[in-house]
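Following: one structure in structure tokens, then a few remarks.
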Amino acid sequence: MKKTFEEALLRLEEIIRKLDNGELNLEESLKLFEEGIALARHCNAKLDEAQGKVEILLGIEDGITKTQEFKIEEE
Amino acid sequence: MAMTKIYTVSQVTFFLKNLIEKEPELQSLWISGEISNFTLHSSGHMYFTLKDQSSRLRCVMFRGENKWLKFQPHDGLEVIVFGRIAIYPKNGEYQLYVELMEAAGLGSLYLAFEQLKNRLAEEGLFDPAKKRPLPKLPRKIGVITSPTGAAVQDIIRILHRRHPRVDILLIPAQVQGETAPESLIEAINLAGRLTKLDLLIIGRGGGSAEELWAFNNEGVARAMAACPIPTISAVGHESDFTIADLVADLRAPTPSGAAELAVPEVKEIRKKINMMMDNLKSSCLRLIERKQAQIFRLKTHPALTQPERLLLSRRQQVDEAKEELIRLINRLFEEKRKTLLVEMGKLDALSPLSTLARGYSICWKDKDGAFLRDAREINPGEKVTVVLNHGQLLCTVEETREEVIA
């Protein structure tokens with residue numbers, strides 16, 4: 001699944017709407033159910049990804065972005 | 001007698017011109033008044049009249065001077081101007097050559113702010129329809145601010161507290177002083193060129209109106225409007241409103257507020273996702289229950305539970321037909337029986353038994369059982385049996401006679 005978190009969440013909401021309408025046949029519904037559960041797991045996994053980086057931009061040279069780690073003071 | 005001196009017009013004009021231009025008080029003075037008859041000439045020079053309740057003063061402000069104006073002068077505006085008085089020899093009129101102009105009342109900064117705001121509003125830069133939605137879960141957030149202020153620390157700390165996995169790229173910029181607008185514009189343009197930035201926070205901590213002024217800069221506003229990344233403005237405190245706030249897709253009251261608006265709290269999203277999962281499961285269960293109910297209805301349908309009922313009417317038809325058949329056969333029997341009785345009656349009339357009933361009798365020889373029809377067939381002393389209608393007579397023949405009794 002190559003969906004971004006955003007797309008996955010939107011699709012999940014759409015699936016729930018469709019299922020709530022109850023107009024689908026059993027086979028379609030079960031398929032959507034499986035997809036929905038997979039999307040929810042995908043979203044949760046995205047949330048579990050590692051701590052994000054904090055960097056400062058030094059400049060763009062020849063199209064290459066130069067950055068370096070930016071440390072914040074401890075509280 | 002001295003000759004009366006006769007001046008030419010030019011001589012008088014230059015005479016006055018010299019007088020005025022040698023008077024230091026008139027060569028650098030501040031004057032307050034209301035602008036009227038304002039015209040901006042195609043050359044770029046501004047011509048207007050300053051007036052108060054009882055007098056008027058012609059003014060000119062050349063392009064070289066008025067290009068520094070932060071606001072646009074117009075009729076009715078109360079201003080304080082600095083300049084010098086001089087005579088324009090061509091028409092012999094004196095006028096004020098304006099070098100500086102400040103708006104009276106709320107001041108030039110305020111006026112400039114209002115004017116820029118109105119102009120950009122007319123252009124549609126603040127149009128609510130142009131506001132882009134912010135990503136629900138940005139992966140990488142650009143932060144344009146000073147790398148040394150407290151604001152950057154607050155923003156990063158809060159972003160990561162709410163959502164630990166978001167990447168943050170600080171794009172350093174000067175946020176106050178003469179060169180701040182240029183620095184901000186450059187940073188915004190840089191951010192726009194970077195790929196993978198989902199959101200841009202632009203701002204600084206609190207300060208005086210002058211310190212926040214770069215965020216009221218037209219170039220900054222236009223750079224923000226042109227930026228391909230959705231923007232959150234975060235300038236000063238809750239009470240500070242800047243042009244940047246109006247252009248941004250979302251205005252945050254403070255830098256910390258921007259961090260809170262930029263990312264959702266991970267806990268909240270998790271809760272939402274789990275709720276959606278529950279929703280999904282329950283709607284699926286409901287569906288299965290509905291289908292099960294359907295199956296149950298079908299399974300309990302009489303067609304399946306009592307299939308013999310389907311045959312019942314057919315069976316009835318058969319039964320009825322059978323009964324009819326029996327009835328017909330019985331009737332036939334009855335008729336046949338009646339016919340038989342008639343025939344049997346006829347038969348009865350011919351039977352020897354009925355002859356006996358009429359008084360005749362049958363007689364046979366006991367010796368050989370032969371029926372006696374002729375007296376000559378038996379001798380006296382022989383035994384015979386005579387059968388009557390009722391009973392028999394066991395007899396011994398006493399004598400035989402040949403005559404027939406009449």
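Residues in the structure tokens are numbered from 1 in each chain, the chains being A, B, ... in the order shown, and ligands are numbered from 1 in the order shown.
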Original post:
Within 12 Å of Ile60 in chain A, counting only C-alpha atoms, which residues qualify if same-chain residues fewer than 6 places away don't, as a list in words?
Top reply: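 Contacts, with the query itself left out: Lys66 and Thr67 of chain A; Ile171, Glu186, Ala187, Asn189, Leu190, Ala191, Gly192, Arg193, Leu194 and Thr195 of chain B.
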Output file for the selection above: N, CA and C atoms, as a PDB file, in the first residue's frame:
ATOM      1  N   LYS A  66      21.104  21.912   1.319  1.00  0.00           N
ATOM      2  CA  LYS A  66      22.096  21.688   2.382  1.00  0.00           C
ATOM      3  C   LYS A  66      21.423  21.961   3.726  1.00  0.00           C
ATOM      4  N   THR A  67      21.502  20.964   4.583  1.00  0.00           N
ATOM      5  CA  THR A  67      20.916  21.155   5.908  1.00  0.00           C
ATOM      6  C   THR A  67      21.876  20.626   6.956  1.00  0.00           C
TER       7      THR A  67
ATOM      8  N   ILE B 171      14.010  27.245   8.408  1.00  0.00           N
ATOM      9  CA  ILE B 171      14.552  28.082   7.338  1.00  0.00           C
ATOM     10  C   ILE B 171      14.807  29.443   7.967  1.00  0.00           C
ATOM     11  N   GLU B 186      13.050  35.864   0.751  1.00  0.00           N
ATOM     12  CA  GLU B 186      13.990  34.866   0.257  1.00  0.00           C
ATOM     13  C   GLU B 186      13.707  33.498   0.885  1.00  0.00           C
ATOM     14  N   ALA B 187      13.465  33.527   2.190  1.00  0.00           N
ATOM     15  CA  ALA B 187      13.179  32.267   2.897  1.00  0.00           C
ATOM     16  C   ALA B 187      11.897  31.618   2.380  1.00  0.00           C
ATOM     17  N   ASN B 189      10.556  32.024  -0.594  1.00  0.00           N
ATOM     18  CA  ASN B 189      10.808  31.507  -1.936  1.00  0.00           C
ATOM     19  C   ASN B 189      11.614  30.220  -1.901  1.00  0.00           C
ATOM     20  N   LEU B 190      12.597  30.159  -1.002  1.00  0.00           N
ATOM     21  CA  LEU B 190      13.398  28.936  -0.823  1.00  0.00           C
ATOM     22  C   LEU B 190      12.492  27.778  -0.416  1.00  0.00           C
ATOM     23  N   ALA B 191      11.657  28.047   0.564  1.00  0.00           N
ATOM     24  CA  ALA B 191      10.746  27.007   1.061  1.00  0.00           C
ATOM     25  C   ALA B 191       9.874  26.481  -0.068  1.00  0.00           C
ATOM     26  N   GLY B 192       9.451  27.405  -0.929  1.00  0.00           N
ATOM     27  CA  GLY B 192       8.599  27.015  -2.042  1.00  0.00           C
ATOM     28  C   GLY B 192       9.313  26.094  -3.021  1.00  0.00           C
ATOM     29  N   ARG B 193      10.624  26.234  -3.088  1.00  0.00           N
ATOM     30  CA  ARG B 193      11.393  25.397  -4.025  1.00  0.00           C
ATOM     31  C   ARG B 193      11.694  24.021  -3.457  1.00  0.00           C
ATOM     32  N   LEU B 194      11.606  23.912  -2.119  1.00  0.00           N
ATOM     33  CA  LEU B 194      11.924  22.635  -1.490  1.00  0.00           C
ATOM     34  C   LEU B 194      10.788  21.656  -1.728  1.00  0.00           C
ATOM     35  N   THR B 195      11.164  20.454  -2.053  1.00  0.00           N
ATOM     36  CA  THR B 195      10.122  19.452  -2.188  1.00  0.00           C
ATOM     37  C   THR B 195       9.891  18.851  -0.812  1.00  0.00           C
TER      38      THR B 195
END
Original post:
Counting only C-alpha atoms, which residues of chain A come no farther than 8 Å from chain B, as a ChimeraX atom specification?
Top reply: /A:5-6,12-13,16,19-20,22,26,29-30,33,36-37,40,43-44,47-58,60,65,70,72-73
Next, dump the selected residues to file, keeping only N, CA, C and O atoms, as a short mmCIF file (atom, residue, chain, number, x, y, z; two decimals), in the first residue's frame.
data_model
loop_
_atom_site.label_atom_id
_atom_site.label_comp_id
_atom_site.auth_asym_id
_atom_site.auth_seq_id
_atom_site.Cartn_x
_atom_site.Cartn_y
_atom_site.Cartn_z
N PHE A 5 -0.55 8.90 4.61
CA PHE A 5 -1.44 8.85 5.77
C PHE A 5 -2.77 9.53 5.44
O PHE A 5 -3.85 9.00 5.70
N GLU A 6 -2.60 10.69 4.84
CA GLU A 6 -3.77 11.50 4.49
C GLU A 6 -4.75 10.75 3.60
O GLU A 6 -5.94 10.68 3.86
N LEU A 12 -10.43 5.64 4.28
CA LEU A 12 -11.05 4.96 5.40
C LEU A 12 -12.40 5.59 5.73
O LEU A 12 -13.41 4.89 5.93
N GLU A 13 -12.43 6.91 5.74
CA GLU A 13 -13.68 7.62 6.01
C GLU A 13 -14.72 7.30 4.94
O GLU A 13 -15.89 7.11 5.22
N ILE A 16 -16.17 3.83 5.43
CA ILE A 16 -17.15 3.79 6.52
C ILE A 16 -18.48 4.37 6.07
O ILE A 16 -19.54 3.82 6.36
N LEU A 19 -20.20 1.78 3.84
CA LEU A 19 -20.73 0.65 4.59
C LEU A 19 -21.95 1.06 5.40
O LEU A 19 -22.90 0.30 5.54
N ASP A 20 -21.90 2.29 5.91
CA ASP A 20 -23.03 2.77 6.71
C ASP A 20 -24.29 2.90 5.87
O ASP A 20 -25.39 2.70 6.36
N GLY A 22 -25.19 0.94 3.65
CA GLY A 22 -25.75 -0.40 3.58
C GLY A 22 -26.34 -0.76 2.24
O GLY A 22 -27.25 -1.58 2.16
N LEU A 26 -23.13 -8.28 -0.01
CA LEU A 26 -22.29 -8.83 1.05
C LEU A 26 -20.82 -8.91 0.63
O LEU A 26 -19.92 -8.52 1.36
N SER A 29 -19.20 -5.57 0.52
CA SER A 29 -19.05 -5.04 1.87
C SER A 29 -17.87 -5.68 2.57
O SER A 29 -17.09 -4.99 3.22
N LEU A 30 -17.76 -6.97 2.43
CA LEU A 30 -16.67 -7.66 3.13
C LEU A 30 -15.31 -7.24 2.56
O LEU A 30 -14.35 -7.08 3.29
N PHE A 33 -14.61 -3.94 3.99
CA PHE A 33 -14.27 -4.12 5.40
C PHE A 33 -12.80 -4.49 5.54
O PHE A 33 -12.05 -3.90 6.31
N GLY A 36 -10.67 -1.57 4.76
CA GLY A 36 -10.74 -0.58 5.83
C GLY A 36 -9.86 -0.95 7.01
O GLY A 36 -9.13 -0.11 7.54
N ILE A 37 -9.92 -2.20 7.39
CA ILE A 37 -9.10 -2.65 8.53
C ILE A 37 -7.61 -2.49 8.18
O ILE A 37 -6.82 -2.02 8.99
N ALA A 40 -6.68 1.16 8.43
CA ALA A 40 -6.58 1.61 9.81
C ALA A 40 -5.24 1.17 10.40
O ALA A 40 -4.57 1.92 11.09
N CYS A 43 -2.51 3.30 8.95
CA CYS A 43 -2.47 4.62 9.58
C CYS A 43 -1.80 4.54 10.95
O CYS A 43 -0.96 5.37 11.30
N ASN A 44 -2.17 3.55 11.73
CA ASN A 44 -1.57 3.40 13.05
C ASN A 44 -0.07 3.17 12.94
O ASN A 44 0.70 3.71 13.73
N LEU A 47 1.77 6.27 12.41
CA LEU A 47 1.90 7.06 13.63
C LEU A 47 3.04 6.54 14.50
O LEU A 47 3.58 7.26 15.34
N ASP A 48 3.37 5.29 14.30
CA ASP A 48 4.40 4.67 15.13
C ASP A 48 5.81 4.93 14.62
O ASP A 48 6.78 4.55 15.26
N GLU A 49 5.91 5.56 13.42
CA GLU A 49 7.23 5.75 12.85
C GLU A 49 8.14 6.57 13.78
O GLU A 49 7.67 7.28 14.65
N ALA A 50 9.43 6.46 13.55
CA ALA A 50 10.42 7.00 14.49
C ALA A 50 10.34 8.52 14.63
O ALA A 50 9.72 9.21 13.84
N GLN A 51 10.99 9.00 15.65
CA GLN A 51 11.09 10.43 15.95
C GLN A 51 11.56 11.21 14.73
O GLN A 51 12.50 10.83 14.04
N GLY A 52 10.89 12.34 14.45
CA GLY A 52 11.24 13.14 13.29
C GLY A 52 12.53 13.92 13.49
O GLY A 52 12.97 14.14 14.61
N LYS A 53 13.13 14.33 12.37
CA LYS A 53 14.38 15.08 12.42
C LYS A 53 14.10 16.57 12.61
O LYS A 53 13.07 17.07 12.19
N VAL A 54 15.05 17.26 13.20
CA VAL A 54 14.99 18.73 13.24
C VAL A 54 16.27 19.24 12.60
O VAL A 54 17.37 18.95 13.06
N GLU A 55 16.09 19.97 11.48
CA GLU A 55 17.26 20.47 10.75
C GLU A 55 17.11 21.95 10.45
O GLU A 55 16.01 22.49 10.47
N ILE A 56 18.23 22.56 10.16
CA ILE A 56 18.21 23.96 9.73
C ILE A 56 18.72 24.01 8.29
O ILE A 56 19.67 23.31 7.94
N LEU A 57 18.04 24.81 7.49
CA LEU A 57 18.42 24.93 6.07
C LEU A 57 19.62 25.88 5.95
O LEU A 57 19.59 26.99 6.44
N LEU A 58 20.67 25.39 5.29
CA LEU A 58 21.84 26.23 5.09
C LEU A 58 21.78 26.91 3.73
O LEU A 58 22.35 27.97 3.53
N ILE A 60 20.46 26.26 -0.77
CA ILE A 60 20.30 25.32 -1.87
C ILE A 60 21.40 25.63 -2.87
O ILE A 60 21.50 26.74 -3.38
N THR A 65 19.78 20.56 -1.54
CA THR A 65 19.43 21.23 -0.30
C THR A 65 20.46 20.88 0.77
O THR A 65 20.69 19.72 1.07
N PHE A 70 19.60 20.69 13.83
CA PHE A 70 19.36 21.87 14.66
C PHE A 70 18.92 21.39 16.03
O PHE A 70 17.91 20.69 16.17
N ILE A 72 17.63 21.92 19.83
CA ILE A 72 16.94 22.91 20.65
C ILE A 72 17.40 22.73 22.09
O ILE A 72 17.83 21.66 22.49
N GLU A 73 17.29 23.84 22.83
CA GLU A 73 17.72 23.80 24.23
C GLU A 73 16.78 22.90 25.01
O GLU A 73 15.58 22.88 24.76
#
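Residue-level DSSP output for chain A, from the backbone, shows strand (DSSP E or B) at Val54, Glu55, Ile56, Leu57, Leu58, Gly59, Ile60, Glu61, Ile64, Thr65, Lys66, Thr67, Gln68 and Glu69 of chain A.
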Mind writing the picked residues with N, CA and C atoms as a CSV table (one decimal), in the first residue's frame?
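Result went into again_12.csv, see below:
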chain,number,residue,atom,x,y,z
A,54,VAL,N,15.0,17.3,13.2
A,54,VAL,CA,15.0,18.7,13.2
A,54,VAL,C,16.3,19.2,12.6
A,55,GLU,N,16.1,20.0,11.5
A,55,GLU,CA,17.3,20.5,10.8
A,55,GLU,C,17.1,22.0,10.5
A,56,ILE,N,18.2,22.6,10.2
A,56,ILE,CA,18.2,24.0,9.7
A,56,ILE,C,18.7,24.0,8.3
A,57,LEU,N,18.0,24.8,7.5
A,57,LEU,CA,18.4,24.9,6.1
A,57,LEU,C,19.6,25.9,5.9
A,58,LEU,N,20.7,25.4,5.3
A,58,LEU,CA,21.8,26.2,5.1
A,58,LEU,C,21.8,26.9,3.7
A,59,GLY,N,21.1,26.3,2.8
A,59,GLY,CA,21.0,26.9,1.5
A,59,GLY,C,20.7,25.8,0.5
A,60,ILE,N,20.5,26.3,-0.8
A,60,ILE,CA,20.3,25.3,-1.9
A,60,ILE,C,21.4,25.6,-2.9
A,61,GLU,N,22.3,24.6,-3.1
A,61,GLU,CA,23.4,24.8,-4.0
A,61,GLU,C,23.2,23.8,-5.2
A,64,ILE,N,20.8,21.2,-4.8
A,64,ILE,CA,20.9,20.3,-3.6
A,64,ILE,C,20.7,21.1,-2.3
A,65,THR,N,19.8,20.6,-1.5
A,65,THR,CA,19.4,21.2,-0.3
A,65,THR,C,20.5,20.9,0.8
A,66,LYS,N,21.1,21.9,1.3
A,66,LYS,CA,22.1,21.7,2.4
A,66,LYS,C,21.4,22.0,3.7
A,67,THR,N,21.5,21.0,4.6
A,67,THR,CA,20.9,21.2,5.9
A,67,THR,C,21.9,20.6,7.0
A,68,GLN,N,21.6,21.0,8.2
A,68,GLN,CA,22.4,20.4,9.3
A,68,GLN,C,21.5,20.3,10.5
A,69,GLU,N,21.8,19.4,11.4
A,69,GLU,CA,20.9,19.2,12.5
A,69,GLU,C,20.8,20.5,13.3
**OP:** Could you please determine the separation between CA of Val81 in chain B and CA of Gly219 in chain B in Å, to one decimal place?
**Re:**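 One can read the CA of Val81 in chain B to CA of Gly219 in chain B distance as 26.6 Å.
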**OP:** Please return as a ChimeraX atom specification: the residues of range 164-202 of chain B that backbone DSSP assigns to helix (DSSP H, G or I).
**Re:** /B:180-193
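For range 347-362 of chain B, the residues within 6 Å (counting only C-alpha atoms, excluding itself and residues fewer than 3 positions away along the chain) are Met344, Val386, Val387, Leu388 and Asn389 of chain B.
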Subject >> Between CA of Arg58 in chain B and CA of Ile6 in chain B, distance in Å (one decimal) >> reply: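 Between CA of Arg58 in chain B and CA of Ile6 in chain B the gap works out to 29.1 Å.
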**OP:** May I ask for the distance between CA of Glu398 in chain B and CA of Gly381 in chain B, given in Å to one decimal place?
**Re:** 5.9 Å
Subject >> Selection: 10 Å around Thr242 in chain B, only C-alpha atoms, excl. self and same-chain fewer than 5 positions, as a list in words >> reply: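 Listed by chain and then number, they are Phe113, Lys117, Ala209, Leu212, Trp213, Ala214, Phe215, Asn216, Asn217, Ala221, Ser233, Ala234, Val235, Gly236, Val247 and Arg251 of chain B.
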